[in-house]
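So the structure is just underneath, and the comments pick up after that.
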Amino acid sequence: MSRIARLTTNPVMIALVAMLAITGCASKKTPNSAADLGLNGAGAATPGSAQDFTVNIGDRIFFDTDSSSIRADAQTTLSRQAQWLNQYKQYAIVVEGHADERGTREYNLALGARRAAATRDFLVARGVSASRLKTISYGKERPVAVCDDISCWSQNRRAVTTLGGGAGS
Amino acid sequence: MKSILKPLLTIAAMALGMTAAATLPAYALVELNVNKGNVEPLPIAITDFQGGDALGAEISGIVSADLKRSGLFAPIDKSAFIEKISSPDATPRFDDWKVINAQALVTGSVTKEADGRIRAQYRLWDTFAGQQMSGEQFFANDANQRRVAHIIADAIYERLTGEKGYFDTRVVFIDESGAKNARKKRLAIMDQDGANVRYLSNGKSIVLTPRFSPNRQEITYMSYESGQPKVYLLQIETGQRELVGNFPGMTFAPRFSPDGQKVIMSLLRDDGNSNIFAMDLRSRSTTRLTNSTAIDTSPSYSPDGSQVVFTSDRGGRAQIYVMGADGSGQTRISFGDGVYSTPVWSPRGDLIAFTKQTGGEFQIGVMKTDGSGERILSSGFQQEGPTWAPNGRVLMFFRDSAGGPKLISVDLTGRNEQSIPTANFASDPAWSPLLE
């Protein structure tokens, strides 16, 4: 596990992982991007809509293996999220925490919960009212990418900010 | 819901008189010694039970399959049999069985009684000593044919090994179907050999980690049915469900205490960490057992209820810890190279089974309760979640391969690995106690 963590924090490996993710087995079939979701790309979404949030802000962040630390790239995403959420205060928010499959089921439920809490806490620190925020962990039960290698696992170690308390991925 | 686990009301055991003159105390032919390098399976001849049309052969077939899967017995192919048993009560011609190296011989019969019950009886013979070792008869109603066979297999196993059997048991598990990113998960229960599957939930909500009560027809499990994942109790016979406790956050990883009076589980803290609580099912009072800024989960009681083993990442990565049942004396016991989780205390009290992640593999292993003597029984790309057979000699777990998880059993030698047949993918097995 620590070996994978080291690999993915290496910039060269991140580039490689990103390439794998693009060409990888399941990513084509899994809605991970605005284009996959049939959305029309930046600018098409009404400002303040859920689509705007997903497309222009980015609804998810990713974690290193067995970690719930908010990475630098994730901090950028979450700061954008917080700014948007502070502008559009009509939304209740559920943060979903997820884990990849490289852990046992019960431990990963706890790990997903920890990731959701870390994400929530970051948003609260950026001014989002805690009363709007709920968290839920799906452990490793809701993968978005389903191959058996690092390219998929890195997409599954995620926290997804969903609006309106509705269902997310 | 239809009655599934109603105790076999009509099963009555009765010893059959010894027909052979010898009354020497028969000795165990095969020794179950897990430390022994190689246990040679005992050649045993299991003849078709007489009578009952196809039922006789069906029952002996189930007995034979049970014993074979244990890895301790090698049932001899029927085509090699010389003597044709015409009366299961008559003393067999031992020479005919010795010559095909059948060290033990099983004969039996099954008949339908006037009241509709079936009567099954068996005799177990020691061919080399030339004597009957045991004989019993059982009455059962029609629906319990397979159970009669499992009970007979347990009796033979116990007589020959000196250990309690585990064939008259059930397994509760998660039936999984559909694509990996949209898996439907249903609670299900079946006999330990994969027969008689029944579904206990409809698949609309994610359900996980079912565990048997030690003394009631009841399971505890986790469900997303209310939105937030929570621990529930389910009465298997009535289908009645009940939330365990009224906690603000997620509750998960439940397991019963050995007396069935408590459920121990993890409760999510507001800071994102998880601690272990026990809830008394009668008084509904809860006791906090751990209070760490870490993930503390997968608690499992020792069989005497005095201790709890659990997983914690308080030291950095997940390792196995033991504490008193009141939370006292929390001590790390796993020190191997890797990540340890899902510890489960053996019903015999002597060992703790676990999942270990090391070198890109998932391993199922056992260690002594002080953490020494670690032995890996099975390794694979993705496998986890051991559960003990009630005799503490066999583990079942789930292994992910070819698109989804399947159930596997392995004995404590690690050499006898068996797949449990299930219609769909299956995960999170939990073995019942011996049925009553």
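Starting from 1 in every chain, residues are counted up; chains themselves are A, B, ... following the order of the structure tokens, and ligands are numbered from 1 as listed.
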* Determine which residues of segment 3-230 of chain B receive a DSSP assignment of strand (DSSP E), computed from the backbone, and state them as a PyMOL selection string. => chain B and resi 14-15+42-46+73-75+104-112+118-126+131-140+170-177+184-191+198-199+207-212+218-223+230
Using the selection just defined, write its residues with C-alpha atoms as a short mmCIF file (atom, residue, chain, number, x, y, z; two decimals), in the first residue's frame.
```cif
data_model
loop_
_atom_site.label_atom_id
_atom_site.label_comp_id
_atom_site.auth_asym_id
_atom_site.auth_seq_id
_atom_site.Cartn_x
_atom_site.Cartn_y
_atom_site.Cartn_z
CA MET B 14 -31.41 -42.60 19.17
CA ALA B 15 -28.41 -44.84 19.43
CA LEU B 42 -9.07 -41.32 5.48
CA PRO B 43 -10.43 -43.71 2.84
CA ILE B 44 -14.09 -44.26 3.68
CA ALA B 45 -16.81 -46.21 1.86
CA ILE B 46 -20.23 -44.58 2.03
CA PHE B 73 -11.86 -38.04 4.22
CA ALA B 74 -11.47 -39.64 0.82
CA PRO B 75 -14.79 -41.28 -0.09
CA ALA B 104 -14.34 -46.97 7.60
CA LEU B 105 -17.68 -48.02 6.17
CA VAL B 106 -21.05 -46.29 6.40
CA THR B 107 -24.30 -48.15 5.85
CA GLY B 108 -27.76 -46.80 6.40
CA SER B 109 -31.40 -46.74 5.49
CA VAL B 110 -34.16 -44.26 5.07
CA THR B 111 -37.86 -45.00 5.30
CA LYS B 112 -41.07 -43.02 5.21
CA ILE B 118 -38.76 -39.84 7.31
CA ARG B 119 -36.65 -42.10 9.44
CA ALA B 120 -32.94 -42.20 8.62
CA GLN B 121 -30.42 -44.40 10.31
CA TYR B 122 -26.76 -45.03 9.81
CA ARG B 123 -24.08 -47.34 11.12
CA LEU B 124 -20.38 -46.56 11.05
CA TRP B 125 -18.06 -49.57 10.87
CA ASP B 126 -14.37 -49.91 11.56
CA GLN B 131 -16.73 -53.67 14.66
CA GLN B 132 -19.42 -51.04 14.65
CA MET B 133 -18.20 -47.67 15.90
CA SER B 134 -21.51 -45.87 16.12
CA GLY B 135 -25.09 -46.02 14.95
CA GLU B 136 -28.02 -43.67 15.34
CA GLN B 137 -31.40 -43.00 13.86
CA PHE B 138 -33.17 -39.73 13.24
CA PHE B 139 -36.71 -38.72 12.46
CA ALA B 140 -37.37 -35.63 10.41
CA ARG B 170 -25.86 -22.22 7.71
CA VAL B 171 -24.07 -19.25 6.26
CA VAL B 172 -25.48 -15.76 5.96
CA PHE B 173 -23.83 -13.69 3.25
CA ILE B 174 -24.24 -10.85 0.76
CA ASP B 175 -25.49 -11.94 -2.65
CA GLU B 176 -24.06 -9.59 -5.27
CA SER B 177 -25.32 -9.16 -8.82
CA LYS B 184 -27.10 -5.00 -6.20
CA LYS B 185 -26.44 -6.42 -2.74
CA ARG B 186 -28.91 -8.65 -0.96
CA LEU B 187 -28.83 -10.39 2.39
CA ALA B 188 -29.02 -14.13 1.84
CA ILE B 189 -28.80 -17.32 3.85
CA MET B 190 -27.96 -20.85 2.77
CA ASP B 191 -26.77 -24.19 4.08
CA ARG B 198 -33.10 -17.77 0.65
CA TYR B 199 -33.02 -14.00 0.29
CA VAL B 207 -26.51 -4.19 2.91
CA LEU B 208 -23.18 -5.36 4.31
CA THR B 209 -21.45 -7.48 6.94
CA PRO B 210 -24.19 -9.76 8.35
CA ARG B 211 -23.27 -11.72 11.52
CA PHE B 212 -25.14 -14.54 13.28
CA GLU B 218 -31.20 -13.40 14.47
CA ILE B 219 -28.54 -11.54 12.56
CA THR B 220 -26.97 -8.12 12.88
CA TYR B 221 -25.86 -6.29 9.75
CA MET B 222 -25.39 -2.87 8.23
CA SER B 223 -27.84 -1.26 5.83
CA LYS B 230 -26.62 1.98 10.26
#
```
Please produce, as a Markdown table, a per-residue contact table for chain B versus chain A (criterion: any atom at most 6 Å away, only C-alpha atoms considered), showing the nearest atom pair and its distance in Å to one decimal, sorted by chain then residue number.
```
| residue | atom | partner | partner_atom | distance |
| --- | --- | --- | --- | --- |
| B:Asn181 | CA | A:Pro143 | CA | 5.2 |
| B:Ala253 | CA | A:Glu106 | CA | 5.9 |
| B:Gly272 | CA | A:Arg114 | CA | 4.2 |
```
All residues 12 Å or closer to Thr76 of chain A, only C-alpha atoms, same chain fewer than 5 positions away omitted, as a compact mmCIF listing (two decimals) with C-alpha atoms, in the first residue's frame:
```txt
# COMPACT_ATOMS: atom_id res chain seq x y z
CA ILE A 57 -16.19 23.98 -10.46
CA GLY A 58 -15.56 20.23 -10.22
CA ASP A 59 -17.51 18.10 -7.79
CA ARG A 60 -14.80 15.67 -6.68
CA ILE A 61 -11.34 15.43 -5.23
CA PHE A 62 -8.96 12.49 -5.03
CA ILE A 70 -6.45 16.97 1.29
CA ARG A 71 -3.82 17.15 -1.46
CA GLN A 81 -16.28 24.72 -4.37
CA ALA A 82 -16.44 26.80 -1.18
CA GLN A 83 -16.55 30.05 -3.10
CA PHE A 122 -12.05 22.06 4.62
CA LEU A 123 -15.25 23.55 3.19
CA ARG A 126 -13.52 28.20 3.83
```
* Please provide the set of residues having any atom within 12 Å of Phe256 of chain B, restricted to only C-alpha atoms, with same-chain residues fewer than 2 positions apart removed, written as a ChimeraX atom specification. => /B:210-216,218-221,231-233,244,253-254,258-265,277-281,298-303,305,308,344,430,432
* **Shell around segment 345-352 of chain B at 10 Å using only C-alpha atoms, local window under 3 positions removed, as a ChimeraX atom specification** => /B:258,299-304,307-310,320,342,365-374,386-395,433
Output C-alpha atoms for every residue in the selection just made, as an mmCIF file, in the first residue's frame.
```cif
data_model
loop_
_atom_site.group_PDB
_atom_site.id
_atom_site.type_symbol
_atom_site.label_atom_id
_atom_site.label_comp_id
_atom_site.auth_asym_id
_atom_site.auth_seq_id
_atom_site.Cartn_x
_atom_site.Cartn_y
_atom_site.Cartn_z
ATOM 1 C CA PRO B 258 -20.907 -14.740 22.811
ATOM 2 C CA PRO B 299 -14.370 -5.789 16.900
ATOM 3 C CA SER B 300 -14.771 -9.476 17.807
ATOM 4 C CA TYR B 301 -15.239 -10.964 21.284
ATOM 5 C CA SER B 302 -13.263 -13.863 22.682
ATOM 6 C CA PRO B 303 -15.582 -16.867 23.219
ATOM 7 C CA ASP B 304 -15.662 -16.291 26.994
ATOM 8 C CA GLN B 307 -11.758 -9.773 25.683
ATOM 9 C CA VAL B 308 -12.211 -8.028 22.341
ATOM 10 C CA VAL B 309 -9.900 -8.098 19.335
ATOM 11 C CA PHE B 310 -10.142 -5.228 16.836
ATOM 12 C CA ILE B 320 -4.638 -5.854 15.338
ATOM 13 C CA THR B 342 -10.911 -8.079 10.151
ATOM 14 C CA GLY B 365 -4.189 -16.152 8.131
ATOM 15 C CA VAL B 366 -4.325 -17.075 11.784
ATOM 16 C CA MET B 367 -2.234 -16.112 14.798
ATOM 17 C CA LYS B 368 -2.277 -16.990 18.466
ATOM 18 C CA THR B 369 -4.148 -14.590 20.697
ATOM 19 C CA ASP B 370 -0.878 -12.929 21.768
ATOM 20 C CA GLY B 371 0.027 -12.339 18.109
ATOM 21 C CA SER B 372 2.663 -15.065 17.903
ATOM 22 C CA GLY B 373 2.670 -18.049 15.575
ATOM 23 C CA GLU B 374 1.268 -16.308 12.503
ATOM 24 C CA PRO B 386 -12.697 -14.765 7.374
ATOM 25 C CA THR B 387 -15.454 -16.388 9.438
ATOM 26 C CA TRP B 388 -14.992 -19.483 11.591
ATOM 27 C CA ALA B 389 -16.839 -22.763 11.342
ATOM 28 C CA PRO B 390 -18.278 -23.465 14.793
ATOM 29 C CA ASN B 391 -15.650 -26.126 15.475
ATOM 30 C CA GLY B 392 -12.807 -23.662 14.894
ATOM 31 C CA ARG B 393 -11.153 -25.853 12.267
ATOM 32 C CA VAL B 394 -12.302 -24.265 9.002
ATOM 33 C CA LEU B 395 -12.539 -20.681 7.773
ATOM 34 C CA PRO B 433 -23.378 -21.957 15.194
#
```
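Atom CA of Ser379 of chain B is found 25.8 Å from atom CA of Gln155 of chain A.
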* For Leu267 of chain B, please output as a PyMOL selection string all residues within 8 Å (counting only C-alpha atoms; exclusion window: fewer than 5 positions along the same chain). => chain B and resi 247+249-252+274-277
Show which residues sit within 7 Å of Thr355 of chain B, as an mmCIF file with C-alpha atoms, in the first residue's frame. Count only C-alpha atoms, and ignore same-chain residues fewer than 4 positions away.
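The result, written out as around.cif:
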```cif
data_model
loop_
_atom_site.group_PDB
_atom_site.id
_atom_site.type_symbol
_atom_site.label_atom_id
_atom_site.label_comp_id
_atom_site.auth_asym_id
_atom_site.auth_seq_id
_atom_site.Cartn_x
_atom_site.Cartn_y
_atom_site.Cartn_z
ATOM 1 C CA TYR B 340 -3.889 -6.264 9.290
ATOM 2 C CA SER B 341 -7.652 -6.116 9.530
ATOM 3 C CA THR B 342 -10.911 -8.079 10.151
ATOM 4 C CA PHE B 362 -4.436 -10.091 0.386
ATOM 5 C CA GLN B 363 -3.852 -13.019 2.705
ATOM 6 C CA ILE B 364 -6.059 -14.950 5.086
ATOM 7 C CA GLY B 365 -4.189 -16.152 8.131
ATOM 8 C CA GLU B 384 -10.816 -10.809 2.873
ATOM 9 C CA GLY B 385 -13.236 -11.353 5.707
#
```
